[in-house]
file entry-v1.pdb (PDB, C-alpha atoms, pLDDT in the B column)
ATOM      1  CA  ALA A 271      65.259 154.775 127.239  1.00 63.00           C
ATOM      2  CA  PRO A 272      66.983 154.609 123.861  1.00 70.00           C
ATOM      3  CA  ASP A 273      69.284 151.698 123.086  1.00 83.00           C
ATOM      4  CA  ALA A 274      72.727 153.191 122.769  1.00 82.00           C
ATOM      5  CA  GLY A 275      76.398 152.442 123.271  1.00 81.00           C
ATOM      6  CA  TRP A 276      79.480 154.585 123.429  1.00 83.00           C
ATOM      7  CA  VAL A 277      83.059 153.965 122.466  1.00 84.00           C
ATOM      8  CA  ASP A 278      85.805 156.281 123.602  1.00 84.00           C
ATOM      9  CA  GLU A 279      89.589 156.495 123.119  1.00 85.00           C
ATOM     10  CA  VAL A 280      90.060 153.555 120.730  1.00 82.00           C
ATOM     11  CA  GLN A 281      93.701 152.748 120.051  1.00 81.00           C
ATOM     12  CA  PHE A 282      95.026 150.542 117.310  1.00 78.00           C
ATOM     13  CA  THR A 283      98.353 148.759 117.637  1.00 76.00           C
ATOM     14  CA  PRO A 284      99.528 147.345 114.309  1.00 74.00           C
ATOM     15  CA  ALA A 285     100.844 143.790 114.278  1.00 70.00           C
ATOM     16  CA  PRO A 286     104.620 143.553 114.174  1.00 69.00           C
ATOM     17  CA  PRO A 287     106.027 142.909 110.706  1.00 74.00           C
ATOM     18  CA  PRO A 288     106.484 139.230 109.907  1.00 80.00           C
ATOM     19  CA  MET A 289     109.889 137.782 110.743  1.00 90.00           C
ATOM     20  CA  PRO A 290     111.873 137.139 107.553  1.00 94.00           C
ATOM     21  CA  LEU A 291     112.625 133.466 106.879  1.00 96.00           C
ATOM     22  CA  ALA A 292     116.346 134.238 106.570  1.00 96.00           C
ATOM     23  CA  ALA A 293     116.365 135.488 110.171  1.00 96.00           C
ATOM     24  CA  ALA A 294     114.217 132.621 111.490  1.00 97.00           C
ATOM     25  CA  LEU A 295     116.431 130.053 109.741  1.00 97.00           C
ATOM     26  CA  ASP A 296     119.707 131.757 110.773  1.00 96.00           C
ATOM     27  CA  THR A 297     120.786 132.007 107.114  1.00 93.00           C
ATOM     28  CA  THR A 298     120.937 135.627 106.101  1.00 85.00           C
ATOM     29  CA  ASN A 299     123.312 134.560 103.284  1.00 90.00           C
ATOM     30  CA  LEU A 300     120.491 132.749 101.411  1.00 94.00           C
ATOM     31  CA  ALA A 301     117.474 134.187  99.585  1.00 95.00           C
ATOM     32  CA  TRP A 302     114.313 132.405 100.731  1.00 97.00           C
ATOM     33  CA  THR A 303     110.950 132.120  98.990  1.00 97.00           C
ATOM     34  CA  THR A 304     107.745 130.497 100.236  1.00 97.00           C
ATOM     35  CA  THR A 305     104.599 129.523  98.387  1.00 95.00           C
ATOM     36  CA  GLY A 306     101.839 126.940  98.206  1.00 96.00           C
ATOM     37  CA  ASP A 307      98.413 126.997  99.835  1.00 96.00           C
ATOM     38  CA  ALA A 308      99.853 128.992 102.785  1.00 95.00           C
ATOM     39  CA  LEU A 309     103.230 130.589 103.491  1.00 96.00           C
ATOM     40  CA  TRP A 310     105.949 129.443 105.884  1.00 97.00           C
ATOM     41  CA  PHE A 311     106.715 132.116 108.477  1.00 97.00           C
ATOM     42  CA  GLY A 312     109.227 133.026 111.149  1.00 97.00           C
ATOM     43  CA  GLN A 313     108.073 132.659 114.754  1.00 96.00           C
ATOM     44  CA  THR A 314     109.526 132.522 118.284  1.00 96.00           C
ATOM     45  CA  THR A 315     107.261 129.966 120.014  1.00 95.00           C
ATOM     46  CA  VAL A 316     108.622 126.616 118.735  1.00 96.00           C
ATOM     47  CA  THR A 317     112.386 126.732 118.185  1.00 97.00           C
ATOM     48  CA  HIS A 318     115.483 124.567 118.469  1.00 97.00           C
ATOM     49  CA  ASP A 319     117.905 127.382 119.263  1.00 97.00           C
ATOM     50  CA  GLY A 320     115.602 129.087 121.786  1.00 96.00           C
ATOM     51  CA  VAL A 321     115.322 132.177 119.563  1.00 96.00           C
ATOM     52  CA  ASP A 322     113.292 131.624 116.390  1.00 97.00           C
ATOM     53  CA  ALA A 323     112.470 129.096 113.659  1.00 97.00           C
ATOM     54  CA  ALA A 324     110.389 128.774 110.497  1.00 98.00           C
ATOM     55  CA  GLN A 325     106.956 127.151 110.741  1.00 97.00           C
ATOM     56  CA  SER A 326     104.838 125.734 107.942  1.00 97.00           C
ATOM     57  CA  GLY A 327     101.760 127.714 106.990  1.00 95.00           C
ATOM     58  CA  ALA A 328      98.327 126.555 108.170  1.00 94.00           C
ATOM     59  CA  ILE A 329      96.969 124.303 105.414  1.00 94.00           C
ATOM     60  CA  GLY A 330      93.917 122.088 104.958  1.00 91.00           C
ATOM     61  CA  ASP A 331      93.390 118.602 103.576  1.00 92.00           C
ATOM     62  CA  ASN A 332      95.112 117.861 100.246  1.00 95.00           C
ATOM     63  CA  GLN A 333      97.180 121.048 100.490  1.00 96.00           C
ATOM     64  CA  SER A 334     100.876 121.831 100.718  1.00 96.00           C
ATOM     65  CA  THR A 335     103.177 124.675 101.689  1.00 97.00           C
ATOM     66  CA  TRP A 336     106.875 124.979 100.978  1.00 97.00           C
ATOM     67  CA  MET A 337     109.908 127.189 101.364  1.00 98.00           C
ATOM     68  CA  GLU A 338     113.080 127.008  99.353  1.00 98.00           C
ATOM     69  CA  ALA A 339     116.448 128.556  98.635  1.00 98.00           C
ATOM     70  CA  SER A 340     118.909 128.026  95.808  1.00 97.00           C
ATOM     71  CA  VAL A 341     122.585 127.374  96.472  1.00 97.00           C
ATOM     72  CA  THR A 342     125.553 126.787  94.193  1.00 97.00           C
ATOM     73  CA  GLY A 343     127.248 123.499  95.035  1.00 96.00           C
ATOM     74  CA  PRO A 344     129.039 121.438  95.753  1.00 97.00           C
ATOM     75  CA  GLY A 345     128.519 121.720  99.471  1.00 97.00           C
ATOM     76  CA  THR A 346     126.671 120.409 102.486  1.00 97.00           C
ATOM     77  CA  VAL A 347     123.394 121.557 104.019  1.00 97.00           C
ATOM     78  CA  SER A 348     122.473 120.754 107.593  1.00 98.00           C
ATOM     79  CA  PHE A 349     119.445 121.797 109.613  1.00 98.00           C
ATOM     80  CA  TRP A 350     117.219 120.980 112.560  1.00 98.00           C
ATOM     81  CA  TRP A 351     113.591 120.034 111.924  1.00 98.00           C
ATOM     82  CA  LYS A 352     110.551 118.687 113.752  1.00 98.00           C
ATOM     83  CA  VAL A 353     106.932 117.833 112.998  1.00 97.00           C
ATOM     84  CA  SER A 354     103.639 117.398 114.833  1.00 96.00           C
ATOM     85  CA  SER A 355     101.230 115.760 112.382  1.00 95.00           C
ATOM     86  CA  GLU A 356      99.134 112.732 111.493  1.00 91.00           C
ATOM     87  CA  ALA A 357     101.711 109.906 111.465  1.00 94.00           C
ATOM     88  CA  ASN A 358     102.367 108.295 108.068  1.00 93.00           C
ATOM     89  CA  TYR A 359     100.014 110.711 106.262  1.00 92.00           C
ATOM     90  CA  ASP A 360     101.072 114.349 106.785  1.00 95.00           C
ATOM     91  CA  TYR A 361     104.789 114.971 106.180  1.00 96.00           C
ATOM     92  CA  VAL A 362     107.569 117.516 106.279  1.00 97.00           C
ATOM     93  CA  ARG A 363     109.762 116.592 103.308  1.00 98.00           C
ATOM     94  CA  PHE A 364     113.196 117.851 102.315  1.00 98.00           C
ATOM     95  CA  SER A 365     114.243 117.699  98.672  1.00 98.00           C
ATOM     96  CA  ILE A 366     117.147 118.810  96.510  1.00 98.00           C
ATOM     97  CA  ASN A 367     116.163 119.746  92.933  1.00 97.00           C
ATOM     98  CA  GLY A 368     112.842 117.945  93.386  1.00 97.00           C
ATOM     99  CA  VAL A 369     114.379 114.676  94.608  1.00 97.00           C
ATOM    100  CA  GLN A 370     113.210 113.808  98.123  1.00 98.00           C
ATOM    101  CA  GLN A 371     116.087 113.274 100.550  1.00 98.00           C
ATOM    102  CA  ALA A 372     114.106 112.691 103.765  1.00 98.00           C
ATOM    103  CA  ALA A 373     110.609 112.937 105.275  1.00 98.00           C
ATOM    104  CA  ILE A 374     109.234 112.980 108.813  1.00 97.00           C
ATOM    105  CA  SER A 375     105.674 112.639 110.141  1.00 97.00           C
ATOM    106  CA  GLY A 376     103.874 112.050 113.415  1.00 96.00           C
ATOM    107  CA  ALA A 377     105.377 113.363 116.652  1.00 96.00           C
ATOM    108  CA  VAL A 378     109.068 113.871 115.861  1.00 96.00           C
ATOM    109  CA  ASP A 379     111.040 116.185 118.147  1.00 97.00           C
ATOM    110  CA  TRP A 380     113.992 118.257 116.923  1.00 98.00           C
ATOM    111  CA  GLN A 381     116.464 116.243 114.840  1.00 98.00           C
ATOM    112  CA  GLN A 382     119.577 117.474 113.074  1.00 98.00           C
ATOM    113  CA  VAL A 383     120.230 116.133 109.589  1.00 98.00           C
ATOM    114  CA  SER A 384     122.862 116.836 106.946  1.00 98.00           C
ATOM    115  CA  PHE A 385     122.955 116.188 103.201  1.00 98.00           C
ATOM    116  CA  PRO A 386     125.627 116.496 100.508  1.00 97.00           C
ATOM    117  CA  VAL A 387     124.679 118.834  97.662  1.00 97.00           C
ATOM    118  CA  GLY A 388     126.038 118.368  94.151  1.00 96.00           C
ATOM    119  CA  ALA A 389     127.772 120.857  91.887  1.00 97.00           C
ATOM    120  CA  GLY A 390     125.910 123.690  90.189  1.00 97.00           C
ATOM    121  CA  VAL A 391     122.748 125.536  91.149  1.00 97.00           C
ATOM    122  CA  GLN A 392     120.635 123.390  93.472  1.00 97.00           C
ATOM    123  CA  THR A 393     117.189 124.140  94.943  1.00 98.00           C
ATOM    124  CA  LEU A 394     116.736 123.141  98.580  1.00 98.00           C
ATOM    125  CA  ARG A 395     113.045 122.741  99.465  1.00 98.00           C
ATOM    126  CA  TRP A 396     111.191 122.016 102.682  1.00 98.00           C
ATOM    127  CA  ALA A 397     107.499 121.174 102.185  1.00 98.00           C
ATOM    128  CA  TYR A 398     104.663 120.326 104.549  1.00 97.00           C
ATOM    129  CA  THR A 399     101.952 118.269 102.844  1.00 95.00           C
ATOM    130  CA  LYS A 400      98.622 116.911 104.066  1.00 93.00           C
ATOM    131  CA  ASP A 401      96.552 114.005 102.790  1.00 86.00           C
ATOM    132  CA  GLY A 402      92.783 114.038 102.226  1.00 79.00           C
ATOM    133  CA  SER A 403      91.527 113.791 105.817  1.00 78.00           C
ATOM    134  CA  VAL A 404      92.306 113.950 109.553  1.00 74.00           C
ATOM    135  CA  SER A 405      94.437 116.440 111.428  1.00 72.00           C
ATOM    136  CA  SER A 406      96.624 115.426 114.331  1.00 74.00           C
ATOM    137  CA  GLY A 407      99.003 117.134 116.749  1.00 78.00           C
ATOM    138  CA  GLN A 408      99.831 120.756 115.965  1.00 84.00           C
ATOM    139  CA  ASP A 409      99.482 119.968 112.246  1.00 92.00           C
ATOM    140  CA  ALA A 410     102.719 121.751 111.353  1.00 96.00           C
ATOM    141  CA  GLY A 411     106.413 121.385 110.674  1.00 97.00           C
ATOM    142  CA  TRP A 412     109.355 123.511 111.782  1.00 98.00           C
ATOM    143  CA  VAL A 413     112.891 124.108 110.490  1.00 98.00           C
ATOM    144  CA  ASP A 414     115.691 125.879 112.369  1.00 98.00           C
ATOM    145  CA  GLN A 415     119.410 126.612 112.111  1.00 98.00           C
ATOM    146  CA  VAL A 416     119.990 125.897 108.418  1.00 98.00           C
ATOM    147  CA  VAL A 417     123.719 125.823 107.644  1.00 97.00           C
ATOM    148  CA  TRP A 418     125.041 125.887 104.074  1.00 97.00           C
ATOM    149  CA  VAL A 419     128.755 125.139 103.670  1.00 96.00           C
ATOM    150  CA  THR A 420     130.275 125.350 100.203  1.00 94.00           C
ATOM    151  CA  GLY A 421     133.024 122.990  99.132  1.00 90.00           C
ATOM    152  CA  VAL A 422     133.288 119.285  98.444  1.00 73.00           C
ATOM    153  CA  PRO A 423     130.853 117.343 100.656  1.00 61.00           C
ATOM    154  CA  VAL A 424     132.658 115.204 103.219  1.00 53.00           C
ATOM    155  CA  ASN A 425     131.563 111.575 103.138  1.00 53.00           C
ATOM    156  CA  VAL A 426     133.680 109.404 105.431  1.00 44.00           C
ATOM    157  CA  THR A 427     132.818 105.702 105.449  1.00 45.00           C
ATOM    158  CA  ALA A 428     134.287 102.726 107.286  1.00 43.00           C
ATOM    159  CA  SER A 429     135.851 101.485 104.037  1.00 44.00           C
ATOM    160  CA  ASP A 430     137.673 104.791 103.508  1.00 44.00           C
ATOM    161  CA  PRO A 431     141.416 103.946 103.692  1.00 44.00           C
ATOM    162  CA  ASN A 432     142.137 107.494 104.892  1.00 42.00           C
ATOM    163  CA  ALA A 433     139.615 107.370 107.725  1.00 42.00           C
ATOM    164  CA  VAL A 434     141.091 107.628 111.202  1.00 42.00           C
ATOM    165  CA  GLU A 435     139.672 105.137 113.640  1.00 42.00           C
ATOM    166  CA  ALA A 436     139.067 106.269 117.196  1.00 44.00           C
ATOM    167  CA  GLY A 437     140.525 103.979 119.796  1.00 41.00           C
TER     168      GLY A 437
END

call {"tool": "encode", "arguments": {"input": "entry-v1.pdb", "output": "structure tokens"}}
result
Amino acid sequence: APDAGWVDEVQFTPAPPPMPLAAALDTTNLAWTTTGDALWFGQTTVTHDGVDAAQSGAIGDNQSTWMEASVTGPGTVSFWWKVSSEANYDYVRFSINGVQQAAISGAVDWQQVSFPVGAGVQTLRWAYTKDGSVSSGQDAGWVDQVVWVTGVPVNVTASDPNAVEAG
């Protein structure tokens, strides 16, 4: 008997188009770019808002991936972020014009943070970076619900004479 096989009625279903970062980050008013050793992407599995979020691209040791948008300040940016990585070695970092504002690593669940942004054109960047060895957790970072508000950043401190004390 001859060795043979048959295939019949093959169907191909194309993958859905990738979710734009602007949609995943809930900021259709900003133009997003992503680059590095892998691209950030929109997904619906790990989210803060229960809808969608951006996830860092899959990278290897000594690699990085970032996404960024430019805004014209002054203003305030706030967002939710989380990470599942090797603690103290693989980080999600947020920077403004190349100056790091915050970094998280290890097993950090969703946190909301907010930063004042100075006047003029400012580049907001989220980067996931790995060191030279070891992978831990899901080896990724996520960002969701980015909010950019133009205007003078509000910084109320206890020494502010105009601050209203609750009581």

call {"tool": "closest_residue", "arguments": {"input": "entry-v1.pdb", "among": "A:Asp409, A:Asp379, A:Glu338, A:Asp414", "to": "Asn367 (chain A)", "atoms": "all atoms listed in the file"}}
result
A:Glu338

call {"tool": "closest_atom_pairs", "arguments": {"input": "entry-v1.pdb", "of": "region 360-419 of chain A", "to": "region 276-297 of chain A", "cutoff": "12 Å", "atoms": "only C-alpha atoms", "output": "tab-separated table"}}
result
residue	atom	partner	partner_atom	distance
A:Trp396	CA	A:Leu295	CA	11.9
A:Trp412	CA	A:Leu295	CA	9.9
A:Val413	CA	A:Leu295	CA	7.0
A:Asp414	CA	A:Leu295	CA	5.0
A:Gln415	CA	A:Leu295	CA	5.1
A:Val416	CA	A:Leu295	CA	5.6
A:Val417	CA	A:Thr297	CA	6.9
A:Trp418	CA	A:Thr297	CA	8.0
A:Val419	CA	A:Thr297	CA	11.1

call {"tool": "closest_residue", "arguments": {"input": "entry-v1.pdb", "among": "A:Trp310, A:Phe385, A:Trp380, A:Tyr398", "to": "Gly327 (chain A)", "atoms": "only C-alpha atoms"}}
result
A:Trp310

call {"tool": "resolve_selection", "arguments": {"input": "entry-v1.pdb", "expression": "the PyMOL selection byres ((chain A and resi 382) around 6)", "output": "VMD selection string"}}
result
chain A and resid 349 to 350 381 383

call {"tool": "residues_around", "arguments": {"input": "entry-v1.pdb", "residues": "Ser334 (chain A)", "least_positions_apart": "2", "cutoff": "10 Å", "atoms": "all atoms listed in the file", "output": "ChimeraX atom specification"}}
result
/A:305-309,326-332,336,360-362,397-401

call {"tool": "atom_distance", "arguments": {"input": "entry-v1.pdb", "atom1": "CA of Ser365 (chain A)", "atom2": "CA of Thr317 (chain A)"}}
result
21.6 Å

call {"tool": "resolve_selection", "arguments": {"input": "entry-v1.pdb", "expression": "the PyMOL selection byres ((chain A and resi 354-359) around 8)", "output": "number ranges by chain"}}
result
A: 352-353, 360-361, 375-378, 400-401, 404-411

call {"tool": "write_last_selection", "arguments": {"input": "entry-v1.pdb", "atoms": "C-alpha atoms", "output": "short mmCIF file (atom, residue, chain, number, x, y, z; two decimals), in the frame of the given file"}}
result
data_model
loop_
_atom_site.label_atom_id
_atom_site.label_comp_id
_atom_site.auth_asym_id
_atom_site.auth_seq_id
_atom_site.Cartn_x
_atom_site.Cartn_y
_atom_site.Cartn_z
CA LYS A 352 110.55 118.69 113.75
CA VAL A 353 106.93 117.83 113.00
CA ASP A 360 101.07 114.35 106.78
CA TYR A 361 104.79 114.97 106.18
CA SER A 375 105.67 112.64 110.14
CA GLY A 376 103.87 112.05 113.42
CA ALA A 377 105.38 113.36 116.65
CA VAL A 378 109.07 113.87 115.86
CA LYS A 400 98.62 116.91 104.07
CA ASP A 401 96.55 114.00 102.79
CA VAL A 404 92.31 113.95 109.55
CA SER A 405 94.44 116.44 111.43
CA SER A 406 96.62 115.43 114.33
CA GLY A 407 99.00 117.13 116.75
CA GLN A 408 99.83 120.76 115.96
CA ASP A 409 99.48 119.97 112.25
CA ALA A 410 102.72 121.75 111.35
CA GLY A 411 106.41 121.38 110.67
#

call {"tool": "atom_distance", "arguments": {"input": "entry-v1.pdb", "atom1": "CA of Pro344 (chain A)", "atom2": "CA of Leu394 (chain A)"}}
result
12.7 Å
